[in-house]
>>> print(open('structure12.cif').read())   # mmCIF, N, CA and C atoms
data_data
#
loop_
_atom_site.label_atom_id
_atom_site.label_comp_id
_atom_site.auth_asym_id
_atom_site.auth_seq_id
_atom_site.Cartn_x
_atom_site.Cartn_y
_atom_site.Cartn_z
N MET F 28 -22.88 -17.15 -22.76
CA MET F 28 -22.96 -16.00 -21.88
C MET F 28 -21.56 -15.68 -21.35
N LYS F 29 -21.17 -14.43 -21.46
CA LYS F 29 -19.85 -13.97 -21.00
C LYS F 29 -19.89 -13.81 -19.48
N THR F 30 -18.89 -14.39 -18.80
CA THR F 30 -18.88 -14.32 -17.33
C THR F 30 -17.66 -13.60 -16.76
N GLU F 31 -16.78 -13.11 -17.63
CA GLU F 31 -15.59 -12.42 -17.14
C GLU F 31 -15.48 -11.04 -17.74
N LEU F 32 -14.92 -10.12 -16.97
CA LEU F 32 -14.68 -8.77 -17.42
C LEU F 32 -13.28 -8.70 -18.02
N SER F 33 -13.15 -8.07 -19.15
CA SER F 33 -11.86 -7.94 -19.80
C SER F 33 -11.36 -6.51 -19.64
N VAL F 34 -10.14 -6.35 -19.18
CA VAL F 34 -9.53 -5.03 -19.00
C VAL F 34 -8.26 -4.99 -19.83
N SER F 35 -8.06 -3.89 -20.55
CA SER F 35 -6.90 -3.76 -21.41
C SER F 35 -5.59 -3.92 -20.63
N ALA F 36 -4.62 -4.52 -21.30
CA ALA F 36 -3.28 -4.62 -20.72
C ALA F 36 -2.64 -3.24 -20.75
N ILE F 37 -1.72 -3.01 -19.84
CA ILE F 37 -0.99 -1.74 -19.87
C ILE F 37 0.40 -1.99 -20.46
N LYS F 38 0.89 -1.02 -21.23
CA LYS F 38 2.20 -1.17 -21.86
C LYS F 38 3.31 -1.03 -20.83
N ASN F 39 3.23 0.03 -20.02
CA ASN F 39 4.21 0.28 -18.97
C ASN F 39 3.46 0.75 -17.74
N GLY F 40 3.90 0.30 -16.59
CA GLY F 40 3.27 0.75 -15.35
C GLY F 40 3.28 -0.31 -14.28
N THR F 41 2.38 -0.13 -13.33
CA THR F 41 2.35 -1.00 -12.16
C THR F 41 0.94 -1.52 -11.93
N VAL F 42 0.86 -2.78 -11.55
CA VAL F 42 -0.40 -3.39 -11.15
C VAL F 42 -0.25 -3.77 -9.67
N ILE F 43 -1.20 -3.33 -8.87
CA ILE F 43 -1.27 -3.77 -7.48
C ILE F 43 -2.45 -4.74 -7.42
N ASP F 44 -2.17 -6.01 -7.21
CA ASP F 44 -3.20 -7.05 -7.23
C ASP F 44 -3.37 -7.63 -5.83
N HIS F 45 -4.42 -8.37 -5.64
CA HIS F 45 -4.72 -9.04 -4.38
C HIS F 45 -4.84 -8.06 -3.21
N ILE F 46 -5.40 -6.88 -3.48
CA ILE F 46 -5.65 -5.90 -2.42
C ILE F 46 -6.78 -6.43 -1.56
N ALA F 47 -6.62 -6.35 -0.25
CA ALA F 47 -7.64 -6.85 0.67
C ALA F 47 -8.99 -6.19 0.39
N ALA F 48 -10.05 -6.97 0.52
CA ALA F 48 -11.40 -6.45 0.29
C ALA F 48 -11.63 -5.21 1.15
N GLY F 49 -12.20 -4.19 0.55
CA GLY F 49 -12.49 -2.97 1.28
C GLY F 49 -11.35 -1.98 1.36
N GLN F 50 -10.19 -2.28 0.78
CA GLN F 50 -9.03 -1.41 0.90
C GLN F 50 -8.63 -0.71 -0.39
N VAL F 51 -9.36 -0.92 -1.48
CA VAL F 51 -8.96 -0.33 -2.77
C VAL F 51 -8.95 1.20 -2.70
N GLN F 52 -9.98 1.80 -2.15
CA GLN F 52 -10.02 3.27 -2.06
C GLN F 52 -8.88 3.80 -1.21
N ARG F 53 -8.57 3.10 -0.14
CA ARG F 53 -7.47 3.54 0.73
C ARG F 53 -6.13 3.45 -0.01
N VAL F 54 -5.93 2.38 -0.77
CA VAL F 54 -4.68 2.24 -1.54
C VAL F 54 -4.60 3.33 -2.61
N LEU F 55 -5.71 3.63 -3.27
CA LEU F 55 -5.72 4.73 -4.25
C LEU F 55 -5.29 6.04 -3.58
N ALA F 56 -5.78 6.28 -2.36
CA ALA F 56 -5.42 7.50 -1.62
C ALA F 56 -3.96 7.48 -1.21
N ILE F 57 -3.47 6.34 -0.72
CA ILE F 57 -2.07 6.20 -0.31
C ILE F 57 -1.14 6.52 -1.47
N LEU F 58 -1.51 6.06 -2.66
CA LEU F 58 -0.68 6.26 -3.84
C LEU F 58 -0.91 7.63 -4.48
N ASN F 59 -1.79 8.42 -3.88
CA ASN F 59 -2.06 9.80 -4.32
C ASN F 59 -2.44 9.84 -5.81
N LEU F 60 -3.40 8.98 -6.19
CA LEU F 60 -3.75 8.86 -7.59
C LEU F 60 -4.96 9.71 -8.00
N SER F 61 -5.54 10.49 -7.10
CA SER F 61 -6.75 11.25 -7.43
C SER F 61 -6.51 12.29 -8.53
N LYS F 62 -5.30 12.79 -8.65
CA LYS F 62 -5.01 13.80 -9.68
C LYS F 62 -4.08 13.27 -10.77
N TYR F 63 -3.82 11.98 -10.76
CA TYR F 63 -2.96 11.38 -11.77
C TYR F 63 -3.69 11.40 -13.11
N GLU F 64 -3.01 11.82 -14.17
CA GLU F 64 -3.69 12.06 -15.43
C GLU F 64 -3.54 10.96 -16.47
N GLU F 65 -2.82 9.90 -16.14
CA GLU F 65 -2.71 8.75 -17.05
C GLU F 65 -3.85 7.77 -16.72
N GLN F 66 -3.94 6.68 -17.49
CA GLN F 66 -5.00 5.70 -17.26
C GLN F 66 -4.80 4.96 -15.94
N ILE F 67 -5.92 4.80 -15.24
CA ILE F 67 -5.96 4.01 -14.01
C ILE F 67 -7.18 3.11 -14.12
N TYR F 68 -6.96 1.82 -13.97
CA TYR F 68 -8.06 0.86 -13.89
C TYR F 68 -8.09 0.35 -12.46
N PHE F 69 -9.28 0.22 -11.90
CA PHE F 69 -9.35 -0.43 -10.60
C PHE F 69 -10.65 -1.17 -10.45
N GLY F 70 -10.59 -2.21 -9.67
CA GLY F 70 -11.77 -3.01 -9.39
C GLY F 70 -11.77 -3.39 -7.92
N ALA F 71 -12.95 -3.44 -7.35
CA ALA F 71 -13.09 -3.79 -5.93
C ALA F 71 -14.07 -4.95 -5.80
N ASN F 72 -13.89 -5.72 -4.75
CA ASN F 72 -14.78 -6.85 -4.45
C ASN F 72 -14.87 -7.85 -5.60
N LEU F 73 -13.74 -8.06 -6.27
CA LEU F 73 -13.66 -9.04 -7.34
C LEU F 73 -13.48 -10.43 -6.74
N GLU F 74 -13.95 -11.44 -7.45
CA GLU F 74 -13.79 -12.80 -6.94
C GLU F 74 -12.33 -13.22 -6.96
N SER F 75 -11.93 -13.90 -5.90
CA SER F 75 -10.57 -14.41 -5.79
C SER F 75 -10.63 -15.81 -5.20
N LYS F 76 -10.02 -16.77 -5.89
CA LYS F 76 -9.99 -18.14 -5.37
C LYS F 76 -9.23 -18.21 -4.05
N LYS F 77 -8.18 -17.41 -3.95
CA LYS F 77 -7.31 -17.46 -2.78
C LYS F 77 -7.87 -16.70 -1.57
N TYR F 78 -8.52 -15.54 -1.82
CA TYR F 78 -8.93 -14.67 -0.71
C TYR F 78 -10.44 -14.45 -0.62
N GLY F 79 -11.22 -15.02 -1.52
CA GLY F 79 -12.66 -14.78 -1.53
C GLY F 79 -12.99 -13.54 -2.33
N LYS F 80 -12.60 -12.38 -1.81
CA LYS F 80 -12.77 -11.11 -2.50
C LYS F 80 -11.43 -10.39 -2.51
N LYS F 81 -11.21 -9.61 -3.57
CA LYS F 81 -9.96 -8.86 -3.69
C LYS F 81 -10.19 -7.59 -4.49
N GLY F 82 -9.18 -6.74 -4.51
CA GLY F 82 -9.18 -5.56 -5.36
C GLY F 82 -7.94 -5.55 -6.22
N ILE F 83 -7.99 -4.73 -7.28
CA ILE F 83 -6.84 -4.60 -8.18
C ILE F 83 -6.79 -3.15 -8.67
N ILE F 84 -5.57 -2.66 -8.86
CA ILE F 84 -5.35 -1.32 -9.43
C ILE F 84 -4.26 -1.45 -10.48
N LYS F 85 -4.53 -0.92 -11.69
CA LYS F 85 -3.53 -0.87 -12.76
C LYS F 85 -3.26 0.60 -13.05
N VAL F 86 -2.01 0.99 -13.02
CA VAL F 86 -1.63 2.39 -13.23
C VAL F 86 -0.64 2.47 -14.38
N SER F 87 -1.06 3.12 -15.46
CA SER F 87 -0.18 3.26 -16.63
C SER F 87 0.93 4.27 -16.36
N ASN F 88 2.12 3.92 -16.83
CA ASN F 88 3.28 4.82 -16.82
C ASN F 88 3.65 5.35 -15.44
N LYS F 89 3.52 4.50 -14.43
CA LYS F 89 3.87 4.91 -13.07
C LYS F 89 4.50 3.73 -12.35
N PHE F 90 5.61 4.02 -11.69
CA PHE F 90 6.30 3.03 -10.87
C PHE F 90 6.45 3.65 -9.49
N PHE F 91 6.24 2.88 -8.45
CA PHE F 91 6.14 3.43 -7.10
C PHE F 91 7.42 3.23 -6.29
N ALA F 92 7.66 4.20 -5.41
CA ALA F 92 8.81 4.15 -4.51
C ALA F 92 8.59 3.07 -3.45
N PRO F 93 9.67 2.52 -2.90
CA PRO F 93 9.54 1.51 -1.85
C PRO F 93 8.68 1.99 -0.67
N GLU F 94 8.76 3.28 -0.34
CA GLU F 94 7.95 3.81 0.76
C GLU F 94 6.45 3.64 0.47
N ASP F 95 6.03 3.88 -0.78
CA ASP F 95 4.63 3.70 -1.16
C ASP F 95 4.21 2.24 -1.02
N ILE F 96 5.08 1.34 -1.44
CA ILE F 96 4.78 -0.09 -1.34
C ILE F 96 4.70 -0.52 0.13
N ASN F 97 5.56 0.05 0.99
CA ASN F 97 5.50 -0.24 2.43
C ASN F 97 4.18 0.22 3.02
N LYS F 98 3.66 1.35 2.56
CA LYS F 98 2.36 1.84 3.04
C LYS F 98 1.26 0.86 2.66
N ILE F 99 1.31 0.37 1.43
CA ILE F 99 0.31 -0.60 0.98
C ILE F 99 0.37 -1.86 1.85
N ALA F 100 1.58 -2.31 2.17
CA ALA F 100 1.74 -3.51 2.99
C ALA F 100 1.06 -3.35 4.36
N LEU F 101 1.06 -2.14 4.90
CA LEU F 101 0.44 -1.92 6.21
C LEU F 101 -1.08 -2.01 6.17
N VAL F 102 -1.71 -1.70 5.04
CA VAL F 102 -3.17 -1.77 4.95
C VAL F 102 -3.65 -3.01 4.21
N SER F 103 -2.78 -3.63 3.43
CA SER F 103 -3.15 -4.83 2.69
C SER F 103 -1.94 -5.73 2.49
N PRO F 104 -1.57 -6.49 3.53
CA PRO F 104 -0.37 -7.34 3.44
C PRO F 104 -0.47 -8.46 2.41
N THR F 105 -1.67 -8.70 1.87
CA THR F 105 -1.84 -9.74 0.84
C THR F 105 -1.54 -9.23 -0.56
N ALA F 106 -1.33 -7.93 -0.71
CA ALA F 106 -1.15 -7.33 -2.04
C ALA F 106 0.12 -7.79 -2.73
N THR F 107 0.06 -7.74 -4.05
CA THR F 107 1.20 -8.08 -4.91
C THR F 107 1.49 -6.88 -5.81
N GLN F 108 2.76 -6.54 -5.94
CA GLN F 108 3.19 -5.47 -6.85
C GLN F 108 3.75 -6.12 -8.11
N ILE F 109 3.22 -5.68 -9.26
CA ILE F 109 3.68 -6.21 -10.55
C ILE F 109 4.09 -5.03 -11.42
N GLU F 110 5.33 -5.02 -11.88
CA GLU F 110 5.80 -3.96 -12.78
C GLU F 110 5.77 -4.49 -14.21
N ILE F 111 5.23 -3.66 -15.10
CA ILE F 111 5.09 -4.02 -16.51
C ILE F 111 5.93 -3.05 -17.34
N ARG F 112 6.74 -3.60 -18.23
CA ARG F 112 7.51 -2.78 -19.17
C ARG F 112 7.37 -3.42 -20.55
N ASP F 113 6.89 -2.61 -21.49
CA ASP F 113 6.67 -3.09 -22.86
C ASP F 113 5.77 -4.33 -22.88
N TYR F 114 4.70 -4.28 -22.13
CA TYR F 114 3.69 -5.34 -22.00
C TYR F 114 4.18 -6.61 -21.32
N ASN F 115 5.40 -6.62 -20.82
CA ASN F 115 5.96 -7.81 -20.16
C ASN F 115 6.11 -7.57 -18.66
N VAL F 116 5.84 -8.59 -17.88
CA VAL F 116 6.06 -8.52 -16.44
C VAL F 116 7.56 -8.56 -16.19
N THR F 117 8.08 -7.49 -15.57
CA THR F 117 9.52 -7.43 -15.30
C THR F 117 9.82 -7.63 -13.81
N LYS F 118 8.78 -7.50 -12.99
CA LYS F 118 8.97 -7.68 -11.55
C LYS F 118 7.62 -8.03 -10.96
N LYS F 119 7.60 -9.06 -10.14
CA LYS F 119 6.37 -9.44 -9.44
C LYS F 119 6.78 -9.88 -8.05
N GLU F 120 6.24 -9.18 -7.05
CA GLU F 120 6.60 -9.56 -5.68
C GLU F 120 5.47 -9.24 -4.71
N GLN F 121 5.40 -10.07 -3.71
CA GLN F 121 4.47 -9.86 -2.60
C GLN F 121 4.94 -8.65 -1.81
N VAL F 122 4.01 -7.75 -1.44
CA VAL F 122 4.43 -6.64 -0.58
C VAL F 122 4.86 -7.22 0.76
N GLU F 123 5.78 -6.56 1.42
CA GLU F 123 6.30 -7.05 2.68
C GLU F 123 6.26 -5.95 3.72
N ILE F 124 5.78 -6.28 4.89
CA ILE F 124 5.78 -5.30 5.97
C ILE F 124 7.21 -5.19 6.47
N PRO F 125 7.77 -3.97 6.45
CA PRO F 125 9.16 -3.81 6.90
C PRO F 125 9.26 -3.95 8.42
N ASN F 126 10.47 -4.11 8.93
CA ASN F 126 10.68 -4.20 10.38
C ASN F 126 10.60 -2.85 11.06
N GLU F 127 10.87 -1.79 10.29
CA GLU F 127 10.84 -0.42 10.82
C GLU F 127 10.07 0.47 9.86
N ILE F 128 9.38 1.44 10.41
CA ILE F 128 8.62 2.42 9.62
C ILE F 128 9.16 3.80 9.99
N ASP F 129 9.71 4.50 9.01
CA ASP F 129 10.31 5.81 9.28
C ASP F 129 9.59 6.92 8.52
N GLY F 130 9.03 7.88 9.26
CA GLY F 130 8.60 9.15 8.70
C GLY F 130 7.28 9.22 7.97
N PHE F 131 6.53 8.13 7.85
CA PHE F 131 5.28 8.28 7.10
C PHE F 131 4.03 7.80 7.82
N VAL F 132 4.17 7.39 9.10
CA VAL F 132 3.01 7.06 9.93
C VAL F 132 3.00 7.99 11.13
N LYS F 133 1.81 8.49 11.47
CA LYS F 133 1.65 9.41 12.60
C LYS F 133 1.50 8.61 13.90
N CYS F 134 2.13 9.08 14.97
CA CYS F 134 1.97 8.45 16.28
C CYS F 134 0.60 8.83 16.84
N ILE F 135 -0.09 7.84 17.43
CA ILE F 135 -1.44 8.11 17.95
C ILE F 135 -1.43 8.81 19.31
N ASN F 136 -0.25 8.88 19.93
CA ASN F 136 -0.15 9.54 21.24
C ASN F 136 -0.08 11.06 21.02
N PRO F 137 -1.11 11.80 21.43
CA PRO F 137 -1.09 13.25 21.20
C PRO F 137 0.06 13.95 21.93
N ASN F 138 0.62 13.32 22.98
CA ASN F 138 1.72 13.91 23.74
C ASN F 138 3.10 13.53 23.21
N CYS F 139 3.16 12.69 22.18
CA CYS F 139 4.44 12.26 21.63
C CYS F 139 5.19 13.46 21.03
N ILE F 140 6.50 13.47 21.20
CA ILE F 140 7.33 14.56 20.69
C ILE F 140 7.16 14.74 19.18
N THR F 141 6.87 13.65 18.46
CA THR F 141 6.72 13.73 17.00
C THR F 141 5.49 14.54 16.59
N ASN F 142 4.56 14.73 17.51
CA ASN F 142 3.37 15.53 17.22
C ASN F 142 3.51 16.99 17.65
N HIS F 143 4.65 17.36 18.26
CA HIS F 143 4.85 18.73 18.74
C HIS F 143 6.12 19.38 18.21
N GLU F 144 7.08 18.58 17.81
CA GLU F 144 8.38 19.09 17.34
C GLU F 144 8.61 18.62 15.91
N GLN F 145 9.62 19.14 15.27
CA GLN F 145 10.00 18.71 13.93
C GLN F 145 10.85 17.45 14.01
N VAL F 146 10.28 16.41 14.59
CA VAL F 146 10.98 15.13 14.76
C VAL F 146 10.25 14.09 13.91
N PRO F 147 10.94 13.47 12.96
CA PRO F 147 10.27 12.45 12.14
C PRO F 147 9.90 11.23 12.98
N THR F 148 8.77 10.63 12.66
CA THR F 148 8.34 9.45 13.40
C THR F 148 9.22 8.25 13.07
N HIS F 149 9.28 7.34 14.03
CA HIS F 149 10.05 6.11 13.85
C HIS F 149 9.36 5.02 14.66
N PHE F 150 8.98 3.95 13.98
CA PHE F 150 8.28 2.84 14.63
C PHE F 150 9.01 1.54 14.38
N ASP F 151 8.93 0.65 15.36
CA ASP F 151 9.33 -0.73 15.17
C ASP F 151 8.04 -1.53 14.97
N VAL F 152 8.07 -2.46 14.02
CA VAL F 152 6.91 -3.32 13.80
C VAL F 152 7.05 -4.48 14.79
N VAL F 153 6.16 -4.52 15.78
CA VAL F 153 6.26 -5.54 16.82
C VAL F 153 5.37 -6.75 16.54
N ASP F 154 4.42 -6.62 15.63
CA ASP F 154 3.56 -7.75 15.26
C ASP F 154 3.15 -7.58 13.80
N LYS F 155 3.71 -8.42 12.93
CA LYS F 155 3.41 -8.31 11.50
C LYS F 155 2.09 -8.97 11.14
N LYS F 156 1.63 -9.90 11.94
CA LYS F 156 0.36 -10.58 11.65
C LYS F 156 -0.83 -9.66 11.95
N GLU F 157 -0.84 -9.08 13.13
CA GLU F 157 -1.93 -8.18 13.53
C GLU F 157 -1.63 -6.73 13.14
N ILE F 158 -0.42 -6.47 12.72
CA ILE F 158 0.10 -5.14 12.36
C ILE F 158 0.01 -4.18 13.55
N VAL F 159 1.03 -4.26 14.38
CA VAL F 159 1.16 -3.38 15.54
C VAL F 159 2.52 -2.68 15.44
N LEU F 160 2.49 -1.36 15.54
CA LEU F 160 3.69 -0.54 15.46
C LEU F 160 3.95 0.09 16.82
N LYS F 161 5.22 0.10 17.25
CA LYS F 161 5.59 0.69 18.53
C LYS F 161 6.48 1.91 18.29
N CYS F 162 6.04 3.07 18.78
CA CYS F 162 6.79 4.31 18.61
C CYS F 162 8.10 4.22 19.39
N ARG F 163 9.19 4.60 18.75
CA ARG F 163 10.51 4.57 19.40
C ARG F 163 10.65 5.68 20.43
N TYR F 164 9.84 6.72 20.34
CA TYR F 164 9.97 7.85 21.26
C TYR F 164 9.11 7.67 22.51
N CYS F 165 7.82 7.43 22.33
CA CYS F 165 6.92 7.36 23.50
C CYS F 165 6.53 5.92 23.85
N GLU F 166 6.92 4.96 23.00
CA GLU F 166 6.65 3.54 23.20
C GLU F 166 5.17 3.16 23.14
N LYS F 167 4.33 4.04 22.61
CA LYS F 167 2.91 3.76 22.45
C LYS F 167 2.71 2.86 21.23
N ASN F 168 1.83 1.87 21.36
CA ASN F 168 1.52 0.97 20.24
C ASN F 168 0.39 1.54 19.39
N THR F 169 0.54 1.40 18.08
CA THR F 169 -0.49 1.77 17.13
C THR F 169 -0.92 0.51 16.40
N GLY F 170 -2.21 0.18 16.45
CA GLY F 170 -2.73 -0.99 15.77
C GLY F 170 -3.17 -0.67 14.35
N LYS F 171 -3.40 -1.70 13.57
CA LYS F 171 -3.77 -1.57 12.15
C LYS F 171 -4.92 -0.59 11.94
N GLY F 172 -5.93 -0.65 12.78
CA GLY F 172 -7.10 0.21 12.64
C GLY F 172 -6.85 1.68 12.90
N ASN F 173 -5.71 2.00 13.55
CA ASN F 173 -5.40 3.40 13.90
C ASN F 173 -4.27 4.00 13.09
N ILE F 174 -3.78 3.28 12.10
CA ILE F 174 -2.66 3.78 11.31
C ILE F 174 -3.13 4.96 10.47
N GLU F 175 -2.42 6.08 10.64
CA GLU F 175 -2.70 7.29 9.87
C GLU F 175 -1.41 7.72 9.19
N PHE F 176 -1.48 7.90 7.86
CA PHE F 176 -0.29 8.28 7.11
C PHE F 176 -0.10 9.78 7.11
N ILE F 177 1.16 10.19 7.15
CA ILE F 177 1.50 11.61 7.17
C ILE F 177 1.60 12.09 5.72
#
>>> encode(input="structure12.cif", output="structure tokens")
Amino acid sequence: MKTELSVSAIKNGTVIDHIAAGQVQRVLAILNLSKYEEQIYFGANLESKKYGKKGIIKVSNKFFAPEDINKIALVSPTATQIEIRDYNVTKKEQVEIPNEIDGFVKCINPNCITNHEQVPTHFDVVDKKEIVLKCRYCEKNTGKGNIEFI
């Protein structure tokens, strides 16, 4: 009896592995893959020895900007980015939450200047474990559950 699912290898592209359970759809949205026309494989709630459950996304012929990888780190700090070129792994690294977040997270304070003027957002990451961001302008904290991408 076959107990494993087999998915084709990709020749060139990126694999995002070890996505936190329940975050695969959010990562697909973050990476703006709904209209991408190349092959995309994804799985959710897959068994993982390390995390219990995990997700994975394989994207053919696409390599992501550091800003995209930083977004993934904010919603799934356990994720791993793997770049494939000519069927070989050329880069494999754990996503890392940066110390600063510039221009791609919305401040939750409706009175913040970034929500009324053409001022890009800027946050300091004050807690990488719980994922708490502090706005440099209004000093309001945004927790993991309230992170909204611009």
>>> atom_distance(input="structure12.cif", atom1="CA of Ile177 (chain F)", atom2="CA of Asn59 (chain F)")
12.2 Å
>>> atom_distance(input="structure12.cif", atom1="atom N of Val102 (chain F)", atom2="atom N of Tyr68 (chain F)")
20.0 Å
>>> resolve_selection(input="structure12.cif", expression="the PyMOL selection byres ((chain F and resi 123-134) around 6)", output="PyMOL selection string")
chain F and resi 97+100-101+121-122+135-137+147-152+175-177
>>> resolve_selection(input="structure12.cif", expression="the PyMOL selection byres ((chain F and resi 70-80) around 6)", output="PDB file with N, CA and C atoms, in the coordinates of the input")
ATOM      1  N   ALA F  47      -6.620  -6.350  -0.250  1.00  0.00           N
ATOM      2  CA  ALA F  47      -7.640  -6.850   0.670  1.00  0.00           C
ATOM      3  C   ALA F  47      -8.990  -6.190   0.390  1.00  0.00           C
ATOM      4  N   ALA F  48     -10.050  -6.970   0.520  1.00  0.00           N
ATOM      5  CA  ALA F  48     -11.400  -6.450   0.290  1.00  0.00           C
ATOM      6  C   ALA F  48     -11.630  -5.210   1.150  1.00  0.00           C
ATOM      7  N   GLY F  49     -12.200  -4.190   0.550  1.00  0.00           N
ATOM      8  CA  GLY F  49     -12.490  -2.970   1.280  1.00  0.00           C
ATOM      9  C   GLY F  49     -11.350  -1.980   1.360  1.00  0.00           C
ATOM     10  N   TYR F  68      -6.960   1.820 -13.970  1.00  0.00           N
ATOM     11  CA  TYR F  68      -8.060   0.860 -13.890  1.00  0.00           C
ATOM     12  C   TYR F  68      -8.090   0.350 -12.460  1.00  0.00           C
ATOM     13  N   PHE F  69      -9.280   0.220 -11.900  1.00  0.00           N
ATOM     14  CA  PHE F  69      -9.350  -0.430 -10.600  1.00  0.00           C
ATOM     15  C   PHE F  69     -10.650  -1.170 -10.450  1.00  0.00           C
ATOM     16  N   LYS F  81     -11.210  -9.610  -3.570  1.00  0.00           N
ATOM     17  CA  LYS F  81      -9.960  -8.860  -3.690  1.00  0.00           C
ATOM     18  C   LYS F  81     -10.190  -7.590  -4.490  1.00  0.00           C
ATOM     19  N   GLY F  82      -9.180  -6.740  -4.510  1.00  0.00           N
ATOM     20  CA  GLY F  82      -9.180  -5.560  -5.360  1.00  0.00           C
ATOM     21  C   GLY F  82      -7.940  -5.550  -6.220  1.00  0.00           C
ATOM     22  N   ILE F  83      -7.990  -4.730  -7.280  1.00  0.00           N
ATOM     23  CA  ILE F  83      -6.840  -4.600  -8.180  1.00  0.00           C
ATOM     24  C   ILE F  83      -6.790  -3.150  -8.670  1.00  0.00           C
ATOM     25  N   ILE F  84      -5.570  -2.660  -8.860  1.00  0.00           N
ATOM     26  CA  ILE F  84      -5.350  -1.320  -9.430  1.00  0.00           C
ATOM     27  C   ILE F  84      -4.260  -1.450 -10.480  1.00  0.00           C
TER      28      ILE F  84
END
>>> atom_distance(input="structure12.cif", atom1="atom C of Thr105 (chain F)", atom2="CA of Asp44 (chain F)")
7.2 Å
>>> closest_atom_pairs(input="structure12.cif", of="region 50-164 of chain F", to="region 33-42 of chain F", cutoff="7 Å", atoms="all atoms listed in the file", output="CSV")
residue,atom,partner,partner_atom,distance
F:Ile83,C,F:Val42,C,6.6
F:Ile84,C,F:Val42,CA,4.4
F:Lys85,CA,F:Val42,CA,4.3
F:Val86,N,F:Thr41,C,4.0
F:Ser87,C,F:Gly40,CA,4.3
F:Asn88,N,F:Asn39,C,3.6
F:Lys89,N,F:Gly40,CA,3.9
F:Phe90,N,F:Gly40,CA,5.4
F:Phe91,N,F:Thr41,CA,6.6
F:Thr107,C,F:Val42,C,5.3
F:Gln108,CA,F:Val42,C,4.8
F:Ile109,C,F:Val42,N,3.9
F:Glu110,CA,F:Thr41,CA,4.6
F:Ile111,N,F:Gly40,C,4.0
F:Arg112,CA,F:Asn39,CA,4.5
F:Asp113,N,F:Lys38,C,4.0
F:Tyr114,N,F:Lys38,C,3.8
F:Asn115,N,F:Lys38,C,6.0
>>> closest_residue(input="structure12.cif", among="F:Ile140, F:Gln145, F:Val54, F:Glu64", to="Arg163 (chain F)", atoms="only C-alpha atoms")
F:Ile140
>>> residues_around(input="structure12.cif", residues="Glu157 (chain F)", least_positions_apart="3", cutoff="8 Å", atoms="only C-alpha atoms", output="PyMOL selection string")
chain F and resi 154+170-171
>>> closest_residue(input="structure12.cif", among="F:Ala106, F:Cys139, F:Ile96, F:Leu160", to="Leu58 (chain F)", atoms="only N, CA and C atoms")
F:Ile96
>>> closest_residue(input="structure12.cif", among="F:Ile174, F:Cys165, F:Ile43, F:Leu60", to="Glu120 (chain F)", atoms="only C-alpha atoms")
F:Ile43
>>> select_by_dssp(input="structure12.cif", residues="region 69-136 of chain F", states="alpha helix (DSSP H)", output="list in words")
Pro93, Glu94, Asp95, Ile96, Asn97, Lys98, Ile99, Ala100, Leu101 and Val102 of chain F
>>> select_by_dssp(input="structure12.cif", residues="chain F", states="strand (DSSP E or B)", output="number ranges by chain")
F: 40-47, 67-75, 79-87, 107-112, 115-121, 127-129, 132, 149-154, 159-162, 168-170, 176
